[in-house]
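Student: Coordinates in structure01.cif, mmCIF, C-alpha atoms and all ligand atoms, are listed below.
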data_structure
loop_
_atom_site.label_atom_id
_atom_site.label_comp_id
_atom_site.auth_asym_id
_atom_site.auth_seq_id
_atom_site.Cartn_x
_atom_site.Cartn_y
_atom_site.Cartn_z
CA MET S 1 192.69 38.19 237.39
CA ASP S 2 192.25 35.44 234.87
CA SER S 3 190.45 32.73 236.63
CA PRO S 4 188.10 33.93 239.28
CA HIS S 5 186.98 30.71 240.86
CA ILE S 6 183.38 29.76 240.62
CA LYS S 7 181.49 30.83 243.68
CA SER S 8 178.24 29.64 245.04
CA ARG S 9 175.60 32.33 244.87
CA ALA S 10 174.47 33.80 248.15
CA LYS S 11 171.24 35.75 248.35
CA SER S 12 172.93 39.09 248.34
CA PRO S 13 176.47 39.38 247.01
CA ALA S 14 177.30 41.63 249.94
CA ASP S 15 176.44 38.81 252.34
CA ASP S 16 178.58 36.25 250.59
CA PRO S 17 181.47 35.60 252.99
CA ASP S 18 183.75 34.51 250.16
CA ARG S 19 183.21 37.75 248.38
CA VAL S 20 184.09 39.72 251.48
CA VAL S 21 187.50 38.08 251.75
CA SER S 22 188.28 37.72 248.06
CA ALA S 23 191.43 39.63 247.13
CA VAL S 24 190.07 40.18 243.63
CA ARG S 25 188.51 43.56 243.07
CA VAL S 26 184.74 43.62 242.67
CA ASP S 27 182.73 46.44 241.15
CA ASP S 28 181.61 48.23 244.27
CA ASP S 29 185.19 48.43 245.54
CA GLU S 30 186.05 50.94 242.87
CA ALA S 31 184.83 54.28 244.17
CA PHE S 32 185.75 53.30 247.68
CA GLU S 33 189.30 52.29 246.73
CA LEU S 34 189.84 55.54 244.92
CA LYS S 35 189.08 57.43 248.10
CA LEU S 36 191.43 55.33 250.22
CA ARG S 37 194.28 55.07 247.75
CA PRO S 38 197.50 56.68 248.99
CA THR S 39 198.80 59.24 246.50
CA ARG S 40 202.42 59.70 247.66
CA LEU S 41 205.15 57.19 248.40
CA SER S 42 205.34 58.41 252.01
CA GLU S 43 201.69 57.43 252.56
CA PHE S 44 202.19 53.96 251.10
CA ILE S 45 202.40 51.55 254.02
CA GLY S 46 204.79 48.57 254.14
CA GLN S 47 206.64 47.04 251.15
CA THR S 48 209.87 48.47 252.51
CA LYS S 49 212.09 46.79 249.93
CA ALA S 50 210.06 47.82 246.90
CA LYS S 51 209.58 51.34 248.27
CA GLU S 52 213.28 51.86 248.87
CA GLN S 53 214.22 50.60 245.43
CA LEU S 54 211.62 52.86 243.88
CA ALA S 55 212.53 55.92 245.95
CA ILE S 56 216.15 55.73 244.79
CA ALA S 57 215.19 55.28 241.14
CA LEU S 58 212.72 58.19 241.34
CA GLU S 59 215.25 60.52 242.89
CA ALA S 60 217.93 59.64 240.37
CA ALA S 61 215.60 60.03 237.37
CA LYS S 62 214.33 63.37 238.65
CA ALA S 63 217.86 64.64 239.23
CA ARG S 64 218.78 63.72 235.66
CA GLY S 65 215.55 65.16 234.31
CA GLU S 66 214.84 61.91 232.51
CA ALA S 67 211.84 59.59 232.32
CA LEU S 68 211.95 56.87 234.97
CA ASP S 69 213.06 53.45 233.74
CA HIS S 70 210.26 51.00 232.87
CA VAL S 71 208.75 49.32 235.92
CA LEU S 72 207.22 45.86 236.38
CA LEU S 73 204.99 45.47 239.44
CA PHE S 74 204.06 41.93 240.31
CA GLY S 75 202.36 40.07 243.13
CA PRO S 76 198.96 38.72 244.20
CA PRO S 77 195.81 40.85 243.79
CA GLY S 78 195.01 43.74 246.12
CA LEU S 79 198.56 44.41 247.39
CA GLY S 80 198.93 47.85 245.82
CA LYS S 81 200.20 47.50 242.23
CA THR S 82 197.77 49.99 240.70
CA THR S 83 198.28 52.28 243.69
CA LEU S 84 202.06 52.29 243.21
CA ALA S 85 201.67 52.98 239.50
CA THR S 86 199.69 56.15 240.25
CA ILE S 87 202.18 57.11 242.96
CA ILE S 88 205.03 56.85 240.44
CA ALA S 89 203.32 59.40 238.18
CA ASN S 90 202.59 61.69 241.15
CA GLU S 91 206.14 61.53 242.45
CA MET S 92 207.60 62.20 239.00
CA GLY S 93 205.07 64.98 238.47
CA VAL S 94 204.05 63.57 235.09
CA GLY S 95 200.83 62.51 233.38
CA PHE S 96 199.25 59.11 233.96
CA GLN S 97 197.40 57.02 231.45
CA GLN S 98 195.97 53.60 232.19
CA THR S 99 194.92 50.66 230.07
CA ALA S 100 194.89 46.88 230.42
CA GLY S 101 196.21 43.94 228.41
CA PRO S 102 192.79 42.61 227.36
CA ALA S 103 191.67 46.10 226.23
CA LEU S 104 194.22 46.16 223.43
CA GLN S 105 193.11 43.88 220.64
CA ILE S 106 194.65 45.08 217.39
CA GLN S 107 197.81 46.92 216.47
CA GLY S 108 195.83 50.11 215.93
CA ASP S 109 194.88 50.15 219.61
CA LEU S 110 198.53 50.16 220.60
CA THR S 111 199.54 52.65 217.90
CA ALA S 112 196.82 55.05 219.02
CA ILE S 113 198.06 55.03 222.59
CA LEU S 114 201.78 55.19 221.84
CA SER S 115 201.49 57.97 219.27
CA ASN S 116 199.72 60.17 221.83
CA ILE S 117 202.27 59.70 224.58
CA LYS S 118 203.45 62.89 226.27
CA ASP S 119 207.07 63.43 227.20
CA LYS S 120 208.12 61.40 230.31
CA GLN S 121 204.56 60.39 231.15
CA VAL S 122 203.57 57.11 232.81
CA LEU S 123 201.74 54.56 230.70
CA PHE S 124 200.25 51.97 233.03
CA LEU S 125 199.32 48.61 231.55
CA ASP S 126 197.44 46.36 233.94
CA GLU S 127 197.30 42.59 233.37
CA VAL S 128 200.28 42.76 231.05
CA HIS S 129 200.33 38.93 230.88
CA ARG S 130 197.09 39.11 228.91
CA LEU S 131 198.48 41.30 226.15
CA GLN S 132 198.38 39.53 222.78
CA PRO S 133 201.78 38.12 221.76
CA VAL S 134 201.88 40.14 218.51
CA LEU S 135 201.28 43.34 220.43
CA GLN S 136 203.92 42.36 222.97
CA GLU S 137 206.42 42.17 220.14
CA LYS S 138 205.41 45.60 218.88
CA LEU S 139 205.87 46.97 222.34
CA TYR S 140 209.44 45.69 222.62
CA THR S 141 210.84 48.22 220.16
CA ALA S 142 208.72 51.00 221.60
CA LEU S 143 210.12 50.30 225.04
CA GLU S 144 213.68 49.95 223.90
CA ASP S 145 214.27 52.77 221.46
CA TYR S 146 211.01 54.72 221.54
CA THR S 147 210.06 53.92 217.98
CA LEU S 148 207.20 51.94 216.53
CA ASP S 149 207.15 50.18 213.16
CA ILE S 150 203.88 50.70 211.40
CA MET S 151 203.04 48.62 208.37
CA ILE S 152 200.79 50.20 205.78
CA GLY S 153 199.16 48.15 203.05
CA GLN S 154 199.58 44.47 202.30
CA GLY S 155 201.61 42.22 200.04
CA PRO S 156 204.32 43.62 197.70
CA SER S 157 203.06 47.20 198.02
CA ALA S 158 203.25 47.16 201.82
CA ARG S 159 205.45 49.84 203.33
CA THR S 160 206.82 50.35 206.79
CA PHE S 161 206.92 53.66 208.60
CA VAL S 162 208.89 54.30 211.69
CA LEU S 163 207.03 56.38 214.23
CA ASP S 164 209.00 58.24 216.87
CA ILE S 165 207.55 58.12 220.36
CA LYS S 166 208.33 60.50 223.22
CA PRO S 167 210.43 58.93 225.97
CA PHE S 168 207.99 57.56 228.54
CA THR S 169 207.81 55.27 231.53
CA PHE S 170 206.03 52.01 230.97
CA VAL S 171 204.61 50.65 234.21
CA ALA S 172 203.17 47.17 233.88
CA ALA S 173 201.38 45.11 236.50
CA THR S 174 200.69 41.41 236.69
CA THR S 175 199.53 38.89 239.23
CA ARG S 176 201.18 36.18 237.15
CA PRO S 177 204.75 37.10 236.22
CA GLY S 178 205.39 33.50 235.18
CA LEU S 179 203.28 34.07 232.07
CA LEU S 180 205.49 36.88 230.74
CA SER S 181 207.90 36.07 227.95
CA SER S 182 211.55 36.58 228.80
CA PRO S 183 212.07 39.31 226.16
CA MET S 184 209.19 41.19 227.77
CA ARG S 185 210.65 40.81 231.23
CA ALA S 186 214.03 41.97 229.97
CA ARG S 187 212.57 45.36 228.99
CA PHE S 188 212.02 46.43 232.59
CA GLY S 189 214.80 48.20 234.46
CA ILE S 190 212.92 48.14 237.76
CA LEU S 191 211.27 44.96 238.99
CA LEU S 192 209.15 45.37 242.10
CA ARG S 193 207.71 42.32 243.80
CA LEU S 194 204.91 43.10 246.24
CA GLU S 195 204.66 40.86 249.28
CA PHE S 196 201.80 40.11 251.65
CA TYR S 197 201.56 42.64 254.47
CA THR S 198 202.25 41.88 258.12
CA GLU S 199 199.50 42.27 260.69
CA ASP S 200 201.08 45.45 262.01
CA GLU S 201 201.23 46.96 258.54
CA LEU S 202 197.61 46.05 257.90
CA ARG S 203 196.63 47.61 261.21
CA PHE S 204 198.19 50.85 259.94
CA VAL S 205 196.25 50.49 256.69
CA VAL S 206 193.01 50.07 258.65
CA GLU S 207 193.79 53.00 260.96
CA ARG S 208 194.69 55.23 258.04
CA SER S 209 191.53 54.30 256.13
CA ALA S 210 189.38 54.79 259.24
CA GLU S 211 190.81 58.28 259.55
CA VAL S 212 189.98 59.07 255.93
CA LEU S 213 186.47 57.70 256.43
CA GLN S 214 186.20 59.46 259.80
CA VAL S 215 185.28 56.29 261.66
CA PRO S 216 186.45 56.15 265.28
CA ILE S 217 188.45 52.96 265.80
CA ASP S 218 190.80 51.85 268.55
CA ARG S 219 194.03 49.91 268.17
CA ASP S 220 192.50 46.56 269.14
CA GLY S 221 189.58 46.98 266.78
CA ALA S 222 191.96 47.75 263.92
CA ALA S 223 194.18 44.80 264.87
CA GLU S 224 191.22 42.42 264.81
CA ILE S 225 190.36 43.48 261.25
CA ALA S 226 194.03 43.27 260.23
CA ILE S 227 194.40 39.66 261.39
CA ARG S 228 191.56 38.53 259.16
CA SER S 229 192.63 40.39 256.04
CA ARG S 230 194.73 37.69 254.41
CA GLY S 231 197.79 39.92 254.23
CA THR S 232 195.94 42.15 251.75
CA PRO S 233 195.08 45.88 252.07
CA ARG S 234 192.13 45.54 249.69
CA ILE S 235 190.52 42.99 252.02
CA ALA S 236 191.39 45.09 255.09
CA ASN S 237 189.62 48.11 253.60
CA ARG S 238 186.63 46.05 252.59
CA LEU S 239 186.29 44.49 256.03
CA LEU S 240 186.63 47.91 257.64
CA ARG S 241 183.74 49.13 255.54
CA ARG S 242 181.51 46.26 256.60
CA VAL S 243 182.49 46.53 260.26
CA ARG S 244 181.76 50.26 260.09
CA ASP S 245 178.20 49.51 258.94
CA TYR S 246 177.77 47.04 261.75
CA ALA S 247 179.11 49.49 264.37
CA GLN S 248 176.76 52.16 263.10
CA VAL S 249 173.65 49.98 263.15
CA ARG S 250 174.28 47.71 266.14
CA GLY S 251 176.69 49.80 268.20
CA ASN S 252 177.53 53.44 268.83
CA GLY S 253 179.39 53.94 265.57
CA SER S 254 182.89 53.42 266.88
CA ILE S 255 184.91 50.26 266.40
CA ASP S 256 186.56 48.44 269.28
CA ARG S 257 187.59 44.80 269.51
CA PRO S 258 184.22 43.34 270.66
CA THR S 259 182.40 45.23 267.88
CA ALA S 260 184.92 44.09 265.27
CA ILE S 261 184.70 40.46 266.43
CA ALA S 262 180.90 40.49 266.45
CA ALA S 263 180.76 42.02 262.97
CA LEU S 264 183.35 39.68 261.48
CA GLU S 265 181.64 36.65 262.98
CA MET S 266 178.36 37.77 261.50
CA LEU S 267 180.10 38.09 258.12
CA GLU S 268 181.51 34.58 258.59
CA VAL S 269 185.05 35.77 257.99
CA ASP S 270 187.20 33.07 259.49
CA ALA S 271 190.20 33.65 261.75
CA HIS S 272 192.59 33.98 258.79
CA GLY S 273 190.25 35.56 256.28
CA PHE S 274 190.39 32.48 254.04
CA ASP S 275 188.20 32.48 251.00
CA GLU S 276 186.53 29.52 249.40
CA LEU S 277 189.52 28.51 247.30
CA ASP S 278 191.93 28.61 250.24
CA ARG S 279 189.70 26.20 252.11
CA ARG S 280 189.04 24.03 249.08
CA LEU S 281 192.76 23.79 248.33
CA LEU S 282 193.62 22.66 251.85
CA ARG S 283 190.65 20.31 252.05
CA THR S 284 191.55 18.70 248.74
CA ILE S 285 195.12 18.00 249.84
CA ILE S 286 193.91 16.62 253.16
CA GLU S 287 190.87 14.67 252.08
CA LYS S 288 191.83 13.48 248.60
CA TYR S 289 195.57 13.09 248.99
CA ASP S 290 195.94 12.23 252.68
CA GLY S 291 197.59 15.55 253.41
CA GLY S 292 200.09 15.28 250.55
CA PRO S 293 202.58 15.39 249.07
CA VAL S 294 200.62 16.01 245.92
CA GLY S 295 202.09 17.44 242.72
CA LEU S 296 201.08 20.90 241.55
CA ASN S 297 199.61 19.63 238.26
CA THR S 298 197.49 17.00 240.00
CA LEU S 299 196.27 19.54 242.52
CA ALA S 300 195.45 22.08 239.81
CA ALA S 301 193.43 19.47 237.91
CA ALA S 302 191.55 18.44 241.06
CA LEU S 303 190.65 22.07 241.78
CA ALA S 304 189.97 22.98 238.13
CA GLU S 305 192.38 25.93 238.45
CA GLU S 306 195.41 26.88 236.40
CA GLN S 307 198.76 25.81 237.80
CA ASP S 308 200.41 29.18 237.71
CA ALA S 309 197.37 30.86 239.31
CA LEU S 310 197.68 28.43 242.21
CA GLU S 311 201.42 28.92 242.42
CA GLU S 312 201.52 32.70 242.05
CA VAL S 313 198.23 33.87 243.54
CA TYR S 314 196.89 31.40 246.09
CA GLU S 315 199.74 29.38 247.51
CA PRO S 316 202.07 32.18 248.62
CA PHE S 317 199.79 33.33 251.43
CA LEU S 318 199.10 29.79 252.67
CA ILE S 319 202.84 29.11 252.67
CA GLN S 320 203.63 32.38 254.42
CA ILE S 321 201.29 31.63 257.32
CA GLY S 322 202.56 28.07 257.56
CA PHE S 323 199.50 26.14 256.35
CA LEU S 324 201.13 24.70 253.28
CA ASP S 325 204.59 23.38 252.48
CA ARG S 326 206.19 23.09 249.08
CA THR S 327 208.41 20.04 249.09
CA PRO S 328 210.34 18.47 246.21
CA ARG S 329 207.67 15.77 246.04
CA GLY S 330 204.74 18.15 246.07
CA ARG S 331 202.43 20.17 248.29
CA VAL S 332 201.84 19.15 251.88
CA ALA S 333 199.16 20.39 254.30
CA THR S 334 200.66 21.22 257.69
CA LYS S 335 199.42 20.57 261.21
CA LEU S 336 198.08 24.14 261.34
CA ALA S 337 195.90 23.45 258.31
CA TYR S 338 194.41 20.34 259.93
CA GLU S 339 193.78 22.26 263.13
CA HIS S 340 192.18 25.19 261.34
CA LEU S 341 189.80 22.96 259.40
CA GLY S 342 189.04 20.88 262.49
CA ILE S 343 190.30 17.66 260.94
CA GLU S 344 192.38 15.25 262.92
CA MET S 345 195.85 14.73 261.54
CA PRO S 346 196.55 11.07 260.79
CA ARG S 347 199.61 9.65 262.42
CA ARG S 348 202.27 9.07 259.79
CA TYR S 349 204.10 5.79 259.79
CA SER S 350 207.71 5.91 258.91
CA LEU S 351 209.32 3.06 256.99
CA PHE S 352 212.36 3.19 259.20
N1 LIG A 401 200.65 50.08 250.87
C1 LIG A 401 199.38 50.49 250.99
N2 LIG A 401 199.03 51.38 251.91
C2 LIG A 401 197.75 51.75 252.05
N3 LIG A 401 196.74 51.30 251.30
C3 LIG A 401 197.02 50.41 250.35
C4 LIG A 401 198.35 49.96 250.13
N4 LIG A 401 198.35 49.09 249.12
C5 LIG A 401 197.08 48.98 248.71
N5 LIG A 401 196.27 49.77 249.45
C6 LIG A 401 194.81 49.86 249.33
O1 LIG A 401 194.33 48.65 248.75
C7 LIG A 401 193.53 48.91 247.62
C8 LIG A 401 193.90 47.92 246.54
O2 LIG A 401 195.16 48.23 246.02
P1 LIG A 401 195.46 48.16 244.44
O3 LIG A 401 194.23 48.41 243.66
O4 LIG A 401 196.62 49.05 244.18
O5 LIG A 401 195.88 46.64 244.29
P2 LIG A 401 196.43 45.87 243.01
O6 LIG A 401 197.70 45.19 243.43
O7 LIG A 401 196.49 46.78 241.86
O8 LIG A 401 195.31 44.75 242.78
P3 LIG A 401 194.93 43.97 241.40
O9 LIG A 401 195.94 42.89 241.23
O10 LIG A 401 193.56 43.41 241.66
O11 LIG A 401 194.93 44.99 240.32
C9 LIG A 401 193.82 50.37 247.24
O12 LIG A 401 192.66 51.05 246.92
C10 LIG A 401 194.41 51.01 248.47
O13 LIG A 401 193.42 51.73 249.16
MG MG A 402 195.36 46.80 240.12
#
Output the structure of this file as structure tokens.
Tutor:
Amino acid sequence: MDSPHIKSRAKSPADDPDRVVSAVRVDDDEAFELKLRPTRLSEFIGQTKAKEQLAIALEAAKARGEALDHVLLFGPPGLGKTTLATIIANEMGVGFQQTAGPALQIQGDLTAILSNIKDKQVLFLDEVHRLQPVLQEKLYTALEDYTLDIMIGQGPSARTFVLDIKPFTFVAATTRPGLLSSPMRARFGILLRLEFYTEDELRFVVERSAEVLQVPIDRDGAAEIAIRSRGTPRIANRLLRRVRDYAQVRGNGSIDRPTAIAALEMLEVDAHGFDELDRRLLRTIIEKYDGGPVGLNTLAAALAEEQDALEEVYEPFLIQIGFLDRTPRGRVATKLAYEHLGIEMPRRYSLF
């Protein structure tokens, strides 16, 4: 993500409650996530709409013996974009190569990757919104007709070569689809929007991960973790890991509801798994703008965050659980938000 919000430093990063519930990946998630990452579409929990759309496209492409159409995966962090990209390669039975927008700086970086592409393979580009505009333009032709124009030399003696590229599947991921140019968006045949997970789906995620990790957990214990995971599998897995530690040290190693509650309270994970920005956003609307409505640009300035990051990454979850309303006149904090923060809701006087 582009703008990780500034966090106060706790003594140990592992004890920082905001870190525990942040949807953004942190370094020590990596090895752990790899282990818990589903590898086939059938193991991928939830996202029924995206999964169905993808399953049909995969079957059709396989039947035709062609590369799958280019895919754009978008949605807030930690919902399974990278996971789905690897699943696509597995299901197609093709190679997988991964890079990220900020890793490609000059045209040579892109040329090197594209000229080594194997037939029908998946090229996964994470954070596609951070790819330099000049490189985006180069990519357009590669995606459309599998050729790449390479300029050699400068000035009057410059010459252009056309490089043929093997047909491949470009899978791009972004948390901020609003930052993509429309020609870029038009290159994707398959657009998959990932949504926040329901509590039941997250309970499945927790139960599945517990099985992989061989941690005994009962349904209520898993449900308790699911509720506080902010609709996000990454957070669910991270909380499971911390609750497992707690159960091992303070309990008998297995996770039931009382153990999960005690562990999550110790970690200061609140009832909805809010992180610091969620709370700051709601508090700002309530305390600075009397609960709203407040315009997105004003709110972004007050929080020192980018507008589209608020709109695409943070607000959707708060809206989904009914803490925030988007109205034509701006953002409004709801009764639930006041209750959650323990602030009394002022009585509103109507003019009529
Ligand atoms: N549908 C799912 N079923 C089971 N586990 C999942 C699912 N989606 C995600 N996960 C788990 O959540 C972790 C985070 O998912 P992933 O890395 O794919 O998210 P992402 O959308 O790529 O995040 P980012 O925007 O930060 O790149 C994975 O390691 C995986 O274990
Ligand atoms: Mg990812």
Student: List the residues sitting within 8 Å of (211.9, 50.6, 239.6) in the file's frame, using only C-alpha atoms, as a ChimeraX atom specification.
Tutor: /S:53-54,57-58,68-72,189-192
Student: Just want the 10 Å neighbourhood of Thr259 (chain S), counted on all atoms listed in the file, with same-chain residues fewer than 5 positions away dropped. Output as a list in words.
Tutor: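 The contact residues come out as Gly221, Glu224, Val243, Arg244, Tyr246, Ala247, Arg250, Gly251, Asn252, Gly253, Ser254, Leu264 and Glu265 of chain S.
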Student: Quick one: residues within 6 Å of ligand LIG 401 (chain A), with all atoms listed in the file, as a ChimeraX atom specification?
Tutor: /S:24-25,33-34,36-38,44-46,76-83,175,205,233-234
Student: Which residues are close to region 93-101 of chain S, i.e. within 8 Å by all atoms listed in the file, leaving aside same-chain residues fewer than 3 positions away? Reply as a list in words.
Tutor: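 Listing them by chain and then by number gives Thr86, Ala89, Asn90, Leu104, Lys118, Lys120, Gln121, Val122, Leu123, Phe124, Leu125, Asp126, Glu127, Val128, His129, Arg130, Leu131 and Gln132 of chain S.
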Student: Which is closest to ligand MG 402 (chain A) among S:Thr147, S:Thr174, S:Gln248, S:Thr160, if we use all atoms listed in the file?
Tutor: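 Using all atoms listed in the file, ligand MG 402 (chain A) sits closest to S:Thr174.
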